[in-house]
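Colleague: The structure's right below; bear with me while I get my questions together.
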Amino acid sequence: MQIIRRPDAFTLKMDRLRRQGKRIGFVPTMGALHAGHMALVRAAKKENDVVAVSIFVNPTQFGPKEDFKRYPRPFQKDCRLLRKAGVHFLFYPTAKVMYPEGFKHSGIWQKPDPKRDLTRYLCGRHRPGHFQGVRTIVAKLFNVARPHRVYFGQKDYQQARIIAQLIEDLYFDAELRLIPTVRERDGLAISSRNAYLSKEDRKRAVALSRELFWLRRKIRAGGRDIKRLRREALRHLRKAVDRVDYLEIVDPETLKSLKRAQPRMVAAAACYVGKTRLIDNVIIINSKSN
Ligand code: AMP
C-alpha cells in the first residue's frame, strides 16, 4: 500500500491509473477504522481494479464543543488493517494542505437552496455547520481522487443523501454506493465513537438500535399509526439514554418527517449516552402501505 500525503501527487497517480483503463474505488474515512469501514473497503475491492482510502479527521465538520481534538487517531493500526485488506493507496493529507488559509470563503461553503436543503433535518438541526464541512471536504477529496465509485455507509444516512446531492449538483462523475450498517452482536451500530463508552454506557447504548428495530418490526407487521409508534419509541429511548436529539420517521429522499406510512421510510435517531453522541437508522420497506 502506498501512502500519499500530497493532493497533487495523489491526483497524478489516480490520473495515470484512469488513463490505463483502471476502475477506481474510493473510500473516504476519518480513520480509527473498524468493521464498518472495512465493509466499505471490501465492497470497493470487489467492484474496482484499484482501491484508494483516505484518512482525514476533517476539522470543518466538528462544532467548537465537539470531539475534534480527542477523536481517536490510531494511524499505525489503521495502516495494518488497510494493508491486510489489500488497499492500494492511502491518501493521508494534513489539515494545512486541505485548508490553506481563507478557504472558508469559497462557494461550496454556502448553504444550498432552502427548498432542497437536506442539511435542515435530523443531525443538521443539532450540528450547525456540520454538513457544510462534510460537503466541503468530500468535494475536495472527490476532486483530488476523481474516482469512478465512492463508498459510504448507511449508518450516516443523511450524510450519504447529502453527498448524492453534491454529486448531482457539481456533476461529479462518480457512482455512490451505499453499504449497509455493520453492527455489534447486540445490534449497536459500530462506530469509532463507541470507544468513548464506559462499560455501563455501552450496555445502555443498545437502546438506540433496539428502539429503531422495534419501530421497523411494528410497521412491517402492519402498524399504520406511525405518529403513535414514533412517540412510543421516543419515550422508551428517553428512558434508556441521557439525552435524545431526535427520533424521526422520514422520507428516504427528502428527509422530511412523515405523518403517514408510505412504502419506503427511514427511521433515524441520535442520542447521548454519557457524553457520547450516537446515531443510527433503519430503512423500512412497508409493502402494505399502498
Ligand atoms: P467515518 O470515519 O466515521 O467518517 O466513516 C467513514 C465511512 O464509514 C462513512 O461512509 C460511514 O458511513 C461509514 N461507516 C461508519 N460506521 C459504519 C458502520 N457501522 N457500518 C457501515 N459503514 C459505516
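All residue names refer to the C-alpha cells as shown: chains lettered A, B, ... in order, residues numbered from 1 in each chain, ligands numbered from 1 in order.
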Please identify the residues whose atoms come within 7 Å of ligand 1, using only C-alpha atoms and all ligand atoms, and report them as a ChimeraX atom specification.
Modeller: /A:28-33,35-37,39-40,151-156,179-183,189-192
Colleague: Taking the DSSP secondary structure from the backbone, can you list the residues of stretch 85-170 of chain A that are helix (DSSP H, G or I), as a ChimeraX atom specification?
Modeller: /A:95-98,103-105,107-109,114-116,118-120,123-126,130-145,154-169
Colleague: If we count only C-alpha atoms and set the cut-off at 8 Å, which residues sit around A:Lys259, ignoring sequence neighbours fewer than 2 positions away in its own chain? Please answer as a PyMOL selection string.
Modeller: chain A and resi 226-227+257+261
Colleague: Any chance you could export the current selection's N, CA and C atoms as a CSV table (one decimal), in the first residue's frame?
Modeller:
```csv
chain,number,residue,atom,x,y,z
A,226,ILE,N,-48.0,5.7,12.4
A,226,ILE,CA,-46.6,5.9,12.7
A,226,ILE,C,-46.3,7.0,13.7
A,227,LYS,N,-47.3,8.0,13.8
A,227,LYS,CA,-47.1,9.1,14.8
A,227,LYS,C,-47.0,8.5,16.2
A,257,SER,N,-40.0,14.7,7.8
A,257,SER,CA,-40.8,13.8,8.7
A,257,SER,C,-42.1,13.4,8.1
A,261,ALA,N,-47.7,6.5,7.0
A,261,ALA,CA,-46.9,5.4,6.5
A,261,ALA,C,-46.8,5.5,5.0
```
Colleague: Would you mind telling me which residue in A:Arg185, A:Lys275, A:Arg216, A:Arg264 lies nearest to A:Glu66 when using only C-alpha atoms?
Modeller: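 Once distances to A:Glu66 are computed over only C-alpha atoms, the minimum belongs to A:Lys275.
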Colleague: May I have the residues within 9 Å of A:Val53 as a list in words, using only C-alpha atoms and disregarding those fewer than 3 positions away in the same chain?
Modeller: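 Here the answer would be Gly25, Phe26, Val27, Pro28, Thr29, Val41, Leu82, Val87, His88, Phe89, Leu90, Phe91 and Tyr92 of chain A.
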Colleague: Between A:Ala9, A:Ala267, A:Ile3, A:Ile24, which residue has the minimum interatomic distance to A:Arg217, considering only C-alpha atoms?
Modeller: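 Of A:Ala9, A:Ala267, A:Ile3, A:Ile24, the one nearest A:Arg217 is A:Ala267, counting only C-alpha atoms.
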Colleague: Quick one: everything within 10 Å of A:Thr119, counting only C-alpha atoms, minus sequence neighbours fewer than 6 positions away in the same chain. Send it as a PyMOL selection string.
Modeller: chain A and resi 111-112+125+127-132+158-159+161-162+255
Colleague: Have a look at A:Asp280, A:Arg70, A:Arg16, A:Pro263 and name the one nearest to A:Gly222; count only C-alpha atoms.
Modeller: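 That would be A:Pro263, the residue with the smallest distance to A:Gly222.
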Colleague: Determine which residues of stretch 140-276 of chain A DSSP labels as strand (DSSP E or B) from the backbone of this structure, then write them out as a PyMOL selection string.
Modeller: chain A and resi 149-153+175-179+183+189+243-250+257+264-273+276
Colleague: Between A:Arg193, A:Arg116, A:Arg42, A:Lys218, which one has atoms that come closest to A:Ala205, using only C-alpha atoms?
Modeller: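 Closest residue, counting only C-alpha atoms: A:Arg193.
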Colleague: Provide the atom CA of A:Arg120 to atom CA of A:Leu208 distance in Å, to one decimal place.
Modeller: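 Atom CA of A:Leu208 lies at a distance of 22.1 Å from atom CA of A:Arg120.
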